[in-house]
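The next block is start14.cif, given as mmCIF, N, CA and C atoms.
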data_protein
loop_
_atom_site.label_atom_id
_atom_site.label_comp_id
_atom_site.auth_asym_id
_atom_site.auth_seq_id
_atom_site.Cartn_x
_atom_site.Cartn_y
_atom_site.Cartn_z
N HIS A 1 111.73 82.24 56.66
CA HIS A 1 112.20 83.17 57.66
C HIS A 1 111.08 83.56 58.63
N MET A 2 109.87 83.06 58.43
CA MET A 2 108.73 83.42 59.25
C MET A 2 108.64 82.50 60.47
N PRO A 3 108.42 83.07 61.66
CA PRO A 3 108.27 82.23 62.86
C PRO A 3 107.06 81.30 62.76
N ASP A 4 107.10 80.19 63.52
CA ASP A 4 106.02 79.19 63.47
C ASP A 4 104.66 79.78 63.82
N ASN A 5 104.61 80.61 64.86
CA ASN A 5 103.32 81.16 65.26
C ASN A 5 102.75 82.12 64.21
N HIS A 6 103.58 82.69 63.37
CA HIS A 6 103.08 83.55 62.27
C HIS A 6 102.65 82.70 61.08
N ARG A 7 103.38 81.61 60.85
CA ARG A 7 103.04 80.73 59.74
C ARG A 7 101.67 80.08 59.92
N ARG A 8 101.30 79.89 61.17
CA ARG A 8 100.02 79.28 61.47
C ARG A 8 98.86 80.09 60.89
N TYR A 9 99.00 81.41 60.85
CA TYR A 9 97.93 82.27 60.35
C TYR A 9 97.80 82.24 58.83
N LEU A 10 98.78 81.70 58.15
CA LEU A 10 98.67 81.55 56.69
C LEU A 10 97.58 80.54 56.33
N THR A 11 97.37 79.57 57.20
CA THR A 11 96.34 78.55 56.95
C THR A 11 95.02 78.90 57.63
N HIS A 12 94.95 80.02 58.29
CA HIS A 12 93.73 80.45 58.97
C HIS A 12 92.86 81.24 57.99
N THR A 13 92.23 80.49 57.10
CA THR A 13 91.38 81.09 56.06
C THR A 13 89.96 80.54 56.21
N PRO A 14 88.99 81.21 55.60
CA PRO A 14 87.62 80.67 55.64
C PRO A 14 87.53 79.25 55.09
N LYS A 15 88.23 79.00 53.99
CA LYS A 15 88.17 77.68 53.36
C LYS A 15 88.75 76.60 54.30
N GLU A 16 89.88 76.90 54.93
CA GLU A 16 90.49 75.94 55.86
C GLU A 16 89.60 75.67 57.07
N ASN A 17 88.92 76.70 57.54
CA ASN A 17 88.01 76.52 58.66
C ASN A 17 86.81 75.66 58.28
N LEU A 18 86.31 75.85 57.07
CA LEU A 18 85.21 75.01 56.59
C LEU A 18 85.64 73.55 56.45
N LEU A 19 86.85 73.34 55.96
CA LEU A 19 87.37 71.97 55.84
C LEU A 19 87.53 71.33 57.22
N TRP A 20 88.01 72.11 58.19
CA TRP A 20 88.14 71.61 59.56
C TRP A 20 86.78 71.21 60.11
N ALA A 21 85.78 72.07 59.91
CA ALA A 21 84.44 71.79 60.42
C ALA A 21 83.80 70.60 59.72
N GLU A 22 84.08 70.47 58.44
CA GLU A 22 83.52 69.36 57.67
C GLU A 22 84.06 68.02 58.18
N ASP A 23 85.32 68.02 58.65
CA ASP A 23 85.91 66.80 59.21
C ASP A 23 85.22 66.38 60.49
N ILE A 24 84.65 67.34 61.21
CA ILE A 24 83.99 67.00 62.47
C ILE A 24 82.61 66.43 62.18
N ARG A 25 81.69 67.22 61.64
CA ARG A 25 80.35 66.76 61.28
C ARG A 25 79.53 67.91 60.72
N PRO A 26 78.31 67.63 60.26
CA PRO A 26 77.49 68.65 59.59
C PRO A 26 77.03 69.82 60.48
N ASN A 27 76.75 69.57 61.75
CA ASN A 27 76.29 70.68 62.60
C ASN A 27 77.42 71.66 62.89
N THR A 28 78.62 71.16 63.06
CA THR A 28 79.77 72.05 63.26
C THR A 28 80.02 72.84 61.98
N TYR A 29 79.90 72.17 60.85
CA TYR A 29 80.05 72.85 59.57
C TYR A 29 79.00 73.96 59.42
N ALA A 30 77.77 73.66 59.81
CA ALA A 30 76.69 74.65 59.72
C ALA A 30 76.99 75.86 60.60
N TYR A 31 77.55 75.63 61.77
CA TYR A 31 77.88 76.74 62.67
C TYR A 31 79.01 77.59 62.10
N VAL A 32 80.05 76.94 61.59
CA VAL A 32 81.17 77.67 60.98
C VAL A 32 80.67 78.46 59.77
N ASP A 33 79.84 77.85 58.97
CA ASP A 33 79.27 78.53 57.80
C ASP A 33 78.42 79.74 58.25
N TYR A 34 77.67 79.56 59.34
CA TYR A 34 76.87 80.66 59.89
C TYR A 34 77.77 81.83 60.30
N ILE A 35 78.87 81.52 60.98
CA ILE A 35 79.81 82.57 61.40
C ILE A 35 80.37 83.31 60.19
N LEU A 36 80.79 82.55 59.18
CA LEU A 36 81.36 83.17 57.99
C LEU A 36 80.34 83.99 57.20
N SER A 37 79.09 83.55 57.21
CA SER A 37 78.05 84.24 56.44
C SER A 37 77.56 85.52 57.12
N ASN A 38 77.62 85.56 58.44
CA ASN A 38 77.00 86.67 59.17
C ASN A 38 77.99 87.66 59.78
N ASN A 39 79.26 87.54 59.43
CA ASN A 39 80.26 88.46 59.97
C ASN A 39 81.23 88.88 58.86
N VAL A 40 81.85 90.01 59.08
CA VAL A 40 82.93 90.45 58.19
C VAL A 40 84.06 89.44 58.34
N GLU A 41 84.83 89.21 57.28
CA GLU A 41 85.83 88.15 57.28
C GLU A 41 86.80 88.24 58.45
N LYS A 42 87.30 89.43 58.75
CA LYS A 42 88.27 89.56 59.84
C LYS A 42 87.65 89.16 61.18
N LYS A 43 86.43 89.60 61.43
CA LYS A 43 85.76 89.23 62.67
C LYS A 43 85.42 87.75 62.69
N ALA A 44 84.98 87.23 61.55
CA ALA A 44 84.65 85.80 61.45
C ALA A 44 85.87 84.94 61.75
N LEU A 45 87.02 85.32 61.23
CA LEU A 45 88.24 84.54 61.49
C LEU A 45 88.63 84.59 62.96
N LYS A 46 88.41 85.72 63.59
CA LYS A 46 88.70 85.83 65.02
C LYS A 46 87.75 84.93 65.82
N LEU A 47 86.46 84.94 65.45
CA LEU A 47 85.48 84.07 66.11
C LEU A 47 85.82 82.60 65.89
N LEU A 48 86.28 82.28 64.69
CA LEU A 48 86.63 80.89 64.38
C LEU A 48 87.89 80.44 65.12
N ALA A 49 88.82 81.37 65.34
CA ALA A 49 90.00 81.03 66.13
C ALA A 49 89.59 80.71 67.56
N THR A 50 88.65 81.47 68.09
CA THR A 50 88.12 81.21 69.43
C THR A 50 87.41 79.86 69.47
N LEU A 51 86.62 79.59 68.44
CA LEU A 51 85.91 78.31 68.35
C LEU A 51 86.89 77.15 68.33
N ARG A 52 87.92 77.25 67.52
CA ARG A 52 88.88 76.15 67.42
C ARG A 52 89.65 75.97 68.72
N ASN A 53 89.92 77.07 69.41
CA ASN A 53 90.58 76.97 70.71
C ASN A 53 89.68 76.25 71.71
N THR A 54 88.41 76.60 71.71
CA THR A 54 87.44 75.94 72.58
C THR A 54 87.32 74.47 72.20
N ALA A 55 87.26 74.19 70.92
CA ALA A 55 87.09 72.82 70.42
C ALA A 55 88.26 71.92 70.82
N SER A 56 89.44 72.51 70.99
CA SER A 56 90.61 71.69 71.35
C SER A 56 90.48 71.09 72.75
N LYS A 57 89.56 71.60 73.55
CA LYS A 57 89.37 71.12 74.92
C LYS A 57 88.29 70.05 75.03
N TYR A 58 87.63 69.74 73.92
CA TYR A 58 86.53 68.78 73.93
C TYR A 58 86.72 67.78 72.80
N THR A 59 85.97 66.68 72.88
CA THR A 59 86.02 65.70 71.80
C THR A 59 85.17 66.19 70.63
N SER A 60 85.37 65.60 69.47
CA SER A 60 84.59 65.95 68.29
C SER A 60 83.11 65.64 68.51
N GLU A 61 82.83 64.54 69.21
CA GLU A 61 81.43 64.16 69.47
C GLU A 61 80.74 65.18 70.37
N GLU A 62 81.46 65.64 71.40
CA GLU A 62 80.88 66.65 72.30
C GLU A 62 80.63 67.95 71.54
N LEU A 63 81.60 68.35 70.73
CA LEU A 63 81.45 69.59 69.96
C LEU A 63 80.29 69.48 68.98
N GLU A 64 80.19 68.37 68.31
CA GLU A 64 79.11 68.18 67.33
C GLU A 64 77.75 68.19 68.00
N ALA A 65 77.63 67.52 69.13
CA ALA A 65 76.35 67.50 69.84
C ALA A 65 75.96 68.90 70.31
N CYS A 66 76.92 69.65 70.78
CA CYS A 66 76.62 71.01 71.24
C CYS A 66 76.32 71.95 70.08
N CYS A 67 76.98 71.75 68.95
CA CYS A 67 76.65 72.55 67.76
C CYS A 67 75.24 72.23 67.28
N HIS A 68 74.84 70.98 67.40
CA HIS A 68 73.48 70.60 67.04
C HIS A 68 72.48 71.33 67.93
N THR A 69 72.73 71.32 69.24
CA THR A 69 71.86 72.01 70.19
C THR A 69 71.83 73.51 69.89
N LEU A 70 73.01 74.06 69.64
CA LEU A 70 73.13 75.49 69.37
C LEU A 70 72.38 75.89 68.11
N MET A 71 72.59 75.16 67.04
CA MET A 71 71.99 75.53 65.75
C MET A 71 70.49 75.27 65.73
N SER A 72 70.02 74.31 66.50
CA SER A 72 68.59 74.01 66.49
C SER A 72 67.81 74.87 67.48
N GLY A 73 68.49 75.40 68.50
CA GLY A 73 67.75 76.12 69.53
C GLY A 73 67.98 77.62 69.61
N ALA A 74 69.11 78.09 69.11
CA ALA A 74 69.45 79.50 69.27
C ALA A 74 69.02 80.32 68.05
N LYS A 75 68.47 81.47 68.34
CA LYS A 75 68.08 82.38 67.27
C LYS A 75 69.33 82.97 66.61
N GLU A 76 70.28 83.37 67.46
CA GLU A 76 71.55 83.90 66.99
C GLU A 76 72.68 83.15 67.70
N PRO A 77 73.20 82.08 67.10
CA PRO A 77 74.25 81.29 67.73
C PRO A 77 75.53 82.11 67.94
N THR A 78 76.14 81.95 69.12
CA THR A 78 77.40 82.62 69.41
C THR A 78 78.35 81.64 70.10
N ASN A 79 79.63 82.03 70.14
CA ASN A 79 80.61 81.20 70.82
C ASN A 79 80.34 81.12 72.31
N SER A 80 79.86 82.20 72.91
CA SER A 80 79.59 82.17 74.34
C SER A 80 78.45 81.20 74.66
N LEU A 81 77.44 81.15 73.80
CA LEU A 81 76.37 80.16 73.98
C LEU A 81 76.92 78.75 73.84
N LEU A 82 77.77 78.55 72.86
CA LEU A 82 78.38 77.23 72.64
C LEU A 82 79.19 76.81 73.86
N LYS A 83 80.00 77.72 74.40
CA LYS A 83 80.79 77.40 75.59
C LYS A 83 79.89 77.05 76.77
N SER A 84 78.80 77.77 76.89
CA SER A 84 77.86 77.50 77.97
C SER A 84 77.24 76.11 77.82
N ILE A 85 76.85 75.76 76.62
CA ILE A 85 76.27 74.44 76.36
C ILE A 85 77.30 73.35 76.64
N LEU A 86 78.53 73.57 76.20
CA LEU A 86 79.59 72.59 76.42
C LEU A 86 79.87 72.39 77.91
N SER A 87 79.94 73.49 78.66
CA SER A 87 80.23 73.34 80.09
C SER A 87 79.08 72.68 80.83
N ARG A 88 77.83 73.00 80.46
CA ARG A 88 76.69 72.35 81.11
C ARG A 88 76.65 70.87 80.78
N ALA A 89 76.97 70.51 79.55
CA ALA A 89 76.99 69.10 79.15
C ALA A 89 78.08 68.35 79.92
N LYS A 90 79.22 68.99 80.11
CA LYS A 90 80.31 68.36 80.84
C LYS A 90 79.92 68.15 82.30
N LYS A 91 79.28 69.16 82.92
CA LYS A 91 78.84 69.03 84.31
C LYS A 91 77.79 67.93 84.44
N ARG A 92 76.86 67.88 83.47
CA ARG A 92 75.81 66.86 83.49
C ARG A 92 76.43 65.47 83.39
N LYS A 93 77.41 65.32 82.52
CA LYS A 93 78.07 64.03 82.36
C LYS A 93 78.80 63.63 83.63
N LYS A 94 79.45 64.60 84.26
CA LYS A 94 80.18 64.33 85.50
C LYS A 94 79.21 63.90 86.60
N THR A 95 78.06 64.56 86.69
CA THR A 95 77.05 64.21 87.68
C THR A 95 76.53 62.80 87.45
N LEU A 96 76.25 62.47 86.19
CA LEU A 96 75.76 61.13 85.87
C LEU A 96 76.81 60.08 86.20
N ASP A 97 78.07 60.38 85.92
CA ASP A 97 79.15 59.45 86.24
C ASP A 97 79.25 59.23 87.75
N ASN A 98 79.12 60.30 88.52
CA ASN A 98 79.17 60.18 89.99
C ASN A 98 78.02 59.35 90.51
N HIS A 99 76.81 59.55 89.96
CA HIS A 99 75.66 58.77 90.39
C HIS A 99 75.84 57.29 90.05
N SER A 100 76.40 57.00 88.90
CA SER A 100 76.59 55.60 88.52
C SER A 100 77.65 54.95 89.42
N LYS A 101 78.68 55.71 89.81
CA LYS A 101 79.70 55.18 90.72
C LYS A 101 79.10 54.90 92.08
N LYS A 102 78.23 55.81 92.56
CA LYS A 102 77.58 55.61 93.85
C LYS A 102 76.71 54.36 93.83
N SER A 103 75.97 54.17 92.74
CA SER A 103 75.09 53.00 92.67
C SER A 103 75.90 51.71 92.62
N ILE A 104 77.06 51.75 91.99
CA ILE A 104 77.92 50.57 91.95
C ILE A 104 78.41 50.26 93.36
N ILE A 105 78.81 51.29 94.10
CA ILE A 105 79.28 51.10 95.48
C ILE A 105 78.15 50.56 96.34
N GLU A 106 76.94 51.12 96.17
CA GLU A 106 75.80 50.65 96.96
C GLU A 106 75.47 49.20 96.65
N GLU A 107 75.61 48.79 95.39
CA GLU A 107 75.34 47.41 95.02
C GLU A 107 76.38 46.47 95.64
N GLN A 108 77.62 46.94 95.71
CA GLN A 108 78.69 46.11 96.25
C GLN A 108 78.63 46.02 97.77
N THR A 109 78.05 47.03 98.43
CA THR A 109 77.95 47.04 99.89
C THR A 109 76.74 46.22 100.29
N ASP A 110 76.93 45.33 101.20
CA ASP A 110 75.86 44.43 101.61
C ASP A 110 75.71 44.49 103.12
N ASN A 111 74.56 44.08 103.64
CA ASN A 111 74.33 44.09 105.08
C ASN A 111 75.17 43.05 105.81
N LYS A 112 75.84 42.17 105.09
CA LYS A 112 76.71 41.18 105.72
C LYS A 112 77.91 41.86 106.38
N TYR A 113 78.26 43.02 105.88
CA TYR A 113 79.43 43.71 106.41
C TYR A 113 79.06 44.43 107.69
N GLY A 114 79.98 44.44 108.65
CA GLY A 114 79.72 45.03 109.95
C GLY A 114 79.72 46.55 109.97
N PHE A 115 80.28 47.17 108.97
CA PHE A 115 80.38 48.63 109.01
C PHE A 115 79.16 49.34 108.44
N VAL A 116 78.16 48.61 107.99
CA VAL A 116 76.95 49.21 107.45
C VAL A 116 75.92 49.31 108.56
N ARG A 117 75.47 50.50 108.90
CA ARG A 117 74.51 50.70 109.97
C ARG A 117 73.24 51.29 109.39
N GLY A 118 72.14 50.70 109.72
CA GLY A 118 70.86 51.18 109.22
C GLY A 118 70.14 52.01 110.25
N ALA A 119 68.87 52.29 109.98
CA ALA A 119 68.05 53.11 110.87
C ALA A 119 67.87 52.44 112.23
N ALA A 120 67.82 51.11 112.27
CA ALA A 120 67.61 50.39 113.51
C ALA A 120 68.76 50.66 114.49
N TYR A 121 69.94 50.78 114.00
CA TYR A 121 71.11 51.03 114.85
C TYR A 121 70.96 52.36 115.60
N PHE A 122 70.41 53.34 114.91
CA PHE A 122 70.29 54.69 115.48
C PHE A 122 68.95 54.89 116.19
N GLY A 123 68.18 53.84 116.38
CA GLY A 123 66.92 53.93 117.10
C GLY A 123 65.74 54.32 116.22
N GLY A 124 65.91 54.27 114.93
CA GLY A 124 64.84 54.62 113.99
C GLY A 124 64.03 53.42 113.62
N LYS A 125 63.11 53.61 112.72
CA LYS A 125 62.25 52.52 112.25
C LYS A 125 63.06 51.57 111.39
N LYS A 126 62.62 50.33 111.39
CA LYS A 126 63.30 49.31 110.58
C LYS A 126 62.87 49.39 109.15
#
Please go through the file and, once you have read it, give me the structure as structure tokens.
Amino acid sequence: HMPDNHRRYLTHTPKENLLWAEDIRPNTYAYVDYILSNNVEKKALKLLATLRNTASKYTSEELEACCHTLMSGAKEPTNSLLKSILSRAKKRKKTLDNHSKKSIIEEQTDNKYGFVRGAAYFGGKK
């Protein structure tokens, strides 16, 4: 008789969260364990719900890499730090992808084509 969204909280336990983190990798497990160890259970579960919501937007590899950065570099790891690391990593990856696309275009563009104008066209040095 319980609605689906209420039934979901029956499985939202510390043990289930540890199992979820263990499926990802050791650094994520370490972060989840840190949250459970350093907070009251009710607050820890709320933090873990936020973590899982954030994790649903990224791949397991991205989450694991960011948890590694977080656990190795932060004195007091938090979800906001994790989100910041994840967003910076995503921006960095996007920038690298754009640069690689530009270099591919530059390699494909050759001086044989008439639409490429160099400095000589504009009166500059050759």
Could you check how far atom N of A:Asn39 sits from atom N of A:Arg88, in Å to one decimal?
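Going from atom N of A:Asn39 over to atom N of A:Arg88 covers 25.6 Å.
Distances here use all atoms listed in the file; by that measure, the residue among A:Pro3, A:Pro26, A:Asn17, A:Pro77 closest to A:Leu48 is A:Asn17.
The spacing separating atom CA of A:Tyr29 from atom CA of A:Thr13 amounts to 14.4 Å.
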Let me have the centre and edge lengths in Å, one decimal, of the box along x, y and z around every listed atom of stretch 92-101 of chain A with 6 Å of margin on each side, as lines of an AutoDock Vina configuration file.
center_x = 77.9
center_y = 61.4
center_z = 87.2
size_x = 16.5
size_y = 25.0
size_z = 21.7
Could you jot down the atom C of A:Met71 to atom CA of A:Ser56 separation for me, Å, one decimal place?
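Interatomic distance, atom C of A:Met71 to atom CA of A:Ser56: 21.2 Å.
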